[in-house]
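Just below is one structure, and these are the notes that go with it.
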Amino acid sequence: MFDWRWDFVIEIMPRLLWATLNTLMAAGIGYGIALVLGLVFALAQRTPYRALTLIVRELVELIRSTPLVLQIFFVFFVGPQFGIRLSPWTSGMIAIGLHYAAYLSEVYRGGLEAVPKGQWEACRALNLSARRTYFGIIIPQALPASLPGMGNYLVGIFKDTPMLSVIGVAELMHTANALGSETYRFLEPYTLVGVIFLMISLPTAAGLRSFEAWVRQSLGMTK
Amino acid sequence: MSYTEFLAEHGSRLVSGAVVTAQQTVLAAILAVAIAVVMGLMRLSGNGAVRGTAVCYIEFFRGTSLLVQLYWIFFVLPLFGITLEKFTAGFVAVGMNLGAYGAEVVRGAIQSVPRGQYEAALALNMSPLTRMRRIIFPQAILIMLPPWGNLLIELLKATALVALISVSDLMFEAKQINGSTFLSIEAFGSALIIYYVMARLFISPSMRWFERVMARKMGRA
């Protein structure tokens with residue numbers, strides 16, 4: 001029955017907090033990969049090569065409409081079949097990075113499409129190279145429109161890291177499972193994991209909202 | 001082993017897994033829609049306590065991971081004397097989680113029904129219940145359908161997690177086949193394709209069809 005033991009909480013807290021660091025690191029690395037790869041996916045859909053656009057489009061759709069756990073398993077187990085052994089961390093980061101790259105590419109795409117057409121024409125008229133057009137003119141303007149979506153997925157990736165436990169990445173959920181099976185007490189570990197997640201994700205979401213407001217204000221885009 | 005041989009040997013397991021995934025998806029979707037409507041309306045209530053309850057529910061389920069919620073429901077609730085069977089625990093967790101996201105969709109849709117509609121209903125002396133039921137909510141449904149399409153795909157994907165509490169869904173069967181044959185590409189690849197087909201060829205088209213039907217009913221086709 002219900003018996004919450006504080007001494008047990010104090011005993012397991014250090015291990016859970018260490019695991020929280022791993023969770024944060026996994027979310028951070030995964031997000032970093034997703035930010036860069038997402039931009040690649042988004043820009044690849046804007047090249048003049050129709051075939052490339054179609055392939056990338058379909059790949060993004062495939063990644064977006066299949067479960068992340070399945071993708072994690074896929075990346076982890078498919079390598080060895082070809083003699084490539086990936087560690088749980090590496091394959092986890094590849095899977096989660098790819099998954100969120102697909103989502104972020106949609107966010108970027110929306111942002112890029114929100115840039116007024118006149119800006120493109122002006123770049124054309126000034127004979128700017130494609131690189132300067134994107135990095136100097138278009139992306140800085142597309143960024144504010146993309147920020148809310150990017151923020152949502154930062155919190156999203158953090159909340160999806162427990163799935164990495166399935167291939168043995170020693171993050172929070174994995175540690176809670178281990179603690180549970182060592183001590184046969186599941187109440188405290190799982191509840192604490194929930195509490196830790198809430199304590200990180202709620203302030204982060206609030207912080208991101210004020211960051212967006214600050215960016216909009218500093219770019220003179222107040223609504 | 002060729003892929004056809006693989007399918008001949010393990011195809012039936014993948015199919016039975018896909019059926020369980022479909023069942024989980026439908027049951028979780030029904031629960032999620034019900035929770036979303038109730039919580040979405042409560043979130044807009046004038047009563048602070050009612051609104052607060054909805055905010056707590058939504059923030060709690062959106063703030064923690066589905067996997068944590070699933071494990072909590074399956075492993076911790078029995079300590080409080082509530083034991084759910086794994087199949088039930090699976091769709092209940094997914095439904096409650098997606099219901100919280102859905103509640104925000106419902107709230108947003110109701111809030112984006114034009115203000116004049118409220119005022120007209122008020123001028124016609126409709127009771128708040130009639131106003132919501134006859135005027136506001138039908139128009140809100142039209143607005144909320146596209147985001148619900150995305151949410152249902154998220155829900156389908158979320159049901160893959162129930163494999164981790166040993167519900168024998170598609171994910172679980174793929175994992176089992178992989179464990180016994182080590183044919184990872186075939187096992188996980190087939191499962192990926194089945195999920196993709198379910199989402200793209202089933203959920204998306206039926207939601208678009210539903211959108212058209214609703215638009216016609218509202219005289220906006």
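Labels used: A, B, ... for chains in the order of the structure tokens, numbers from 1 for residues in each chain, and numbers from 1 for ligands as shown.
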*Which residues of chain A are close to chain B, meaning at most 8 Å apart when you count only C-alpha atoms, and how do they look as a PyMOL selection string?*
chain A and resi 1-2+62+65-71+73-74+77-78+81+159-160+162-163+173+186-187+190-191+193-195+197-198+201-202
Can you write out the residues you just picked, keeping C-alpha atoms, as a short mmCIF file (atom, residue, chain, number, x, y, z; two decimals), in the first residue's frame?
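Output file result-v3.cif follows:
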```cif
data_model
loop_
_atom_site.label_atom_id
_atom_site.label_comp_id
_atom_site.auth_asym_id
_atom_site.auth_seq_id
_atom_site.Cartn_x
_atom_site.Cartn_y
_atom_site.Cartn_z
CA MET A 1 0.00 0.00 0.00
CA PHE A 2 0.83 3.64 -0.01
CA LEU A 62 8.37 9.13 -42.95
CA SER A 65 4.84 9.74 -38.87
CA THR A 66 6.66 6.80 -37.29
CA PRO A 67 7.35 6.31 -33.57
CA LEU A 68 10.62 7.53 -32.10
CA VAL A 69 11.12 4.34 -30.02
CA LEU A 70 10.98 2.30 -33.18
CA GLN A 71 13.54 4.58 -34.83
CA PHE A 73 15.66 0.48 -32.03
CA PHE A 74 16.16 0.64 -35.78
CA PHE A 77 20.12 -2.78 -34.17
CA VAL A 78 20.61 -2.18 -37.88
CA GLN A 81 23.81 -6.30 -39.14
CA LYS A 159 10.49 14.89 -22.64
CA ASP A 160 11.31 12.23 -25.23
CA PRO A 162 13.22 8.66 -21.47
CA MET A 163 12.76 6.60 -24.62
CA MET A 173 14.14 6.71 -16.66
CA PHE A 186 8.71 1.79 -7.67
CA LEU A 187 6.65 4.50 -6.00
CA TYR A 190 8.95 6.95 -10.76
CA THR A 191 7.26 9.72 -8.83
CA VAL A 193 11.26 11.24 -12.14
CA GLY A 194 7.89 12.83 -12.84
CA VAL A 195 8.60 15.65 -10.39
CA PHE A 197 10.60 16.46 -15.34
CA LEU A 198 7.95 18.95 -14.23
CA SER A 201 10.07 21.54 -18.28
CA LEU A 202 7.65 24.07 -16.77
#
```
*Spatial neighbours of B:Leu41, max dist 12 Å, only C-alpha atoms, sep filter under 2 positions, as JSON, numbers by chain*: {"B": [34, 35, 36, 37, 38, 39, 43, 44, 45, 46, 47, 50, 51, 53, 54, 55, 102, 103, 104, 105, 106, 107, 108, 109, 110, 111, 129, 132, 133, 136, 137, 140]}
*So how far away is atom CA of A:Tyr100 from atom CA of A:Leu54, in Å?*
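Going from atom CA of A:Leu54 over to atom CA of A:Tyr100 covers 19.3 Å.
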*Using only C-alpha atoms, which residues sit within 10 Å of A:Leu21 once same-chain residues fewer than 6 positions away are excluded, as a PyMOL selection string?*
chain A and resi 27+171-172
Could the residues in this selection be written to a file with N, CA and C atoms, as a CSV table (one decimal), in the first residue's frame?
```csv
chain,number,residue,atom,x,y,z
A,27,ALA,N,19.4,15.6,-24.2
A,27,ALA,CA,18.5,16.5,-24.8
A,27,ALA,C,19.3,17.6,-25.5
A,171,GLU,N,20.0,7.4,-18.7
A,171,GLU,CA,19.4,8.7,-18.3
A,171,GLU,C,18.4,8.4,-17.1
A,172,LEU,N,17.5,9.4,-16.9
A,172,LEU,CA,16.7,9.3,-15.7
A,172,LEU,C,15.8,8.1,-15.6
```
*Residues of stretch 37-133 of chain B in helix (DSSP H, G or I), written as an MDAnalysis selection string*: chainID B and resid 37:43 48:63 66:80 86:111 115:123 128:133
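Restricting the calculation to only C-alpha atoms, the smallest distance between B:Tyr57 and any of B:Ala100, B:Ala28, B:Ala18, B:Glu9 is found for B:Ala100.
The gap separating atom CA of B:Leu152 from atom CA of A:Ile33 is 26.7 Å, in Å to one decimal.
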*Could you name the residues that touch A:Gly97 at 8 Å or less, counting only C-alpha atoms, but leaving out those on the same chain fewer than 6 positions away, as a PyMOL selection string?*
chain A and resi 29-34+37
Selection above as a file: C-alpha atoms, as an mmCIF file, in the first residue's frame:
```cif
data_model
loop_
_atom_site.group_PDB
_atom_site.id
_atom_site.type_symbol
_atom_site.label_atom_id
_atom_site.label_comp_id
_atom_site.auth_asym_id
_atom_site.auth_seq_id
_atom_site.Cartn_x
_atom_site.Cartn_y
_atom_site.Cartn_z
ATOM 1 C CA ILE A 29 23.233 17.028 -27.927
ATOM 2 C CA GLY A 30 20.108 15.728 -29.662
ATOM 3 C CA TYR A 31 18.774 19.257 -30.043
ATOM 4 C CA GLY A 32 22.081 20.483 -31.418
ATOM 5 C CA ILE A 33 22.051 17.773 -34.085
ATOM 6 C CA ALA A 34 18.396 18.477 -34.845
ATOM 7 C CA LEU A 37 20.196 18.793 -39.648
#
```
*For B:Ser204, the nearest of the candidates B:Gln176, B:Gly219, B:Gly17, B:Gly149, counting only C-alpha atoms*: B:Gly149
*Figure out the distance between atom CA of A:Ile137 and atom CA of A:Gln119, please, to one decimal in Å.*
7.6 Å
_Selected residue of minimal separation from A:Leu43 among A:Arg15, A:Lys117, A:Arg185, A:Arg131, counting only C-alpha atoms_ = A:Arg131
*For A:Phe41, please output as a PyMOL selection string all residues within 8 Å (counting only C-alpha atoms; exclusion window: fewer than 2 positions along the same chain).*
chain A and resi 37-39+43-45+56+60+101-102+105
Output N, CA and C atoms of each residue in that selection to a file, as an mmCIF file, in the first residue's frame.
```
data_model
loop_
_atom_site.group_PDB
_atom_site.id
_atom_site.type_symbol
_atom_site.label_atom_id
_atom_site.label_comp_id
_atom_site.auth_asym_id
_atom_site.auth_seq_id
_atom_site.Cartn_x
_atom_site.Cartn_y
_atom_site.Cartn_z
ATOM 1 N N LEU A 37 20.727 19.701 -38.645
ATOM 2 C CA LEU A 37 20.196 18.793 -39.648
ATOM 3 C C LEU A 37 18.834 19.262 -40.154
ATOM 4 N N GLY A 38 18.055 19.867 -39.271
ATOM 5 C CA GLY A 38 16.747 20.393 -39.658
ATOM 6 C C GLY A 38 16.898 21.461 -40.721
ATOM 7 N N LEU A 39 17.921 22.318 -40.542
ATOM 8 C CA LEU A 39 18.168 23.367 -41.527
ATOM 9 C C LEU A 39 18.563 22.743 -42.866
ATOM 10 N N LEU A 43 16.508 23.407 -46.221
ATOM 11 C CA LEU A 43 17.116 24.031 -47.402
ATOM 12 C C LEU A 43 17.134 23.074 -48.585
ATOM 13 N N ALA A 44 17.280 21.760 -48.294
ATOM 14 C CA ALA A 44 17.305 20.781 -49.383
ATOM 15 C C ALA A 44 15.980 20.758 -50.132
ATOM 16 N N GLN A 45 14.913 21.204 -49.451
ATOM 17 C CA GLN A 45 13.617 21.214 -50.120
ATOM 18 C C GLN A 45 13.398 22.490 -50.921
ATOM 19 N N VAL A 56 13.600 14.312 -50.042
ATOM 20 C CA VAL A 56 13.720 14.852 -48.688
ATOM 21 C C VAL A 56 12.344 15.022 -48.063
ATOM 22 N N VAL A 60 11.196 13.260 -44.640
ATOM 23 C CA VAL A 60 10.705 14.016 -43.483
ATOM 24 C C VAL A 60 9.357 13.464 -43.032
ATOM 25 N N ALA A 101 15.036 16.653 -36.173
ATOM 26 C CA ALA A 101 15.432 17.421 -37.358
ATOM 27 C C ALA A 101 14.259 17.500 -38.328
ATOM 28 N N ALA A 102 13.530 16.376 -38.464
ATOM 29 C CA ALA A 102 12.380 16.366 -39.362
ATOM 30 C C ALA A 102 11.334 17.373 -38.895
ATOM 31 N N SER A 105 12.668 20.937 -39.392
ATOM 32 C CA SER A 105 12.706 21.382 -40.786
ATOM 33 C C SER A 105 11.354 21.980 -41.181
#
```
*Of the residues A:Ser91, A:Thr204, A:Ser210, A:Thr175, which is the one nearest to A:Phe158, using only C-alpha atoms?*
A:Thr204
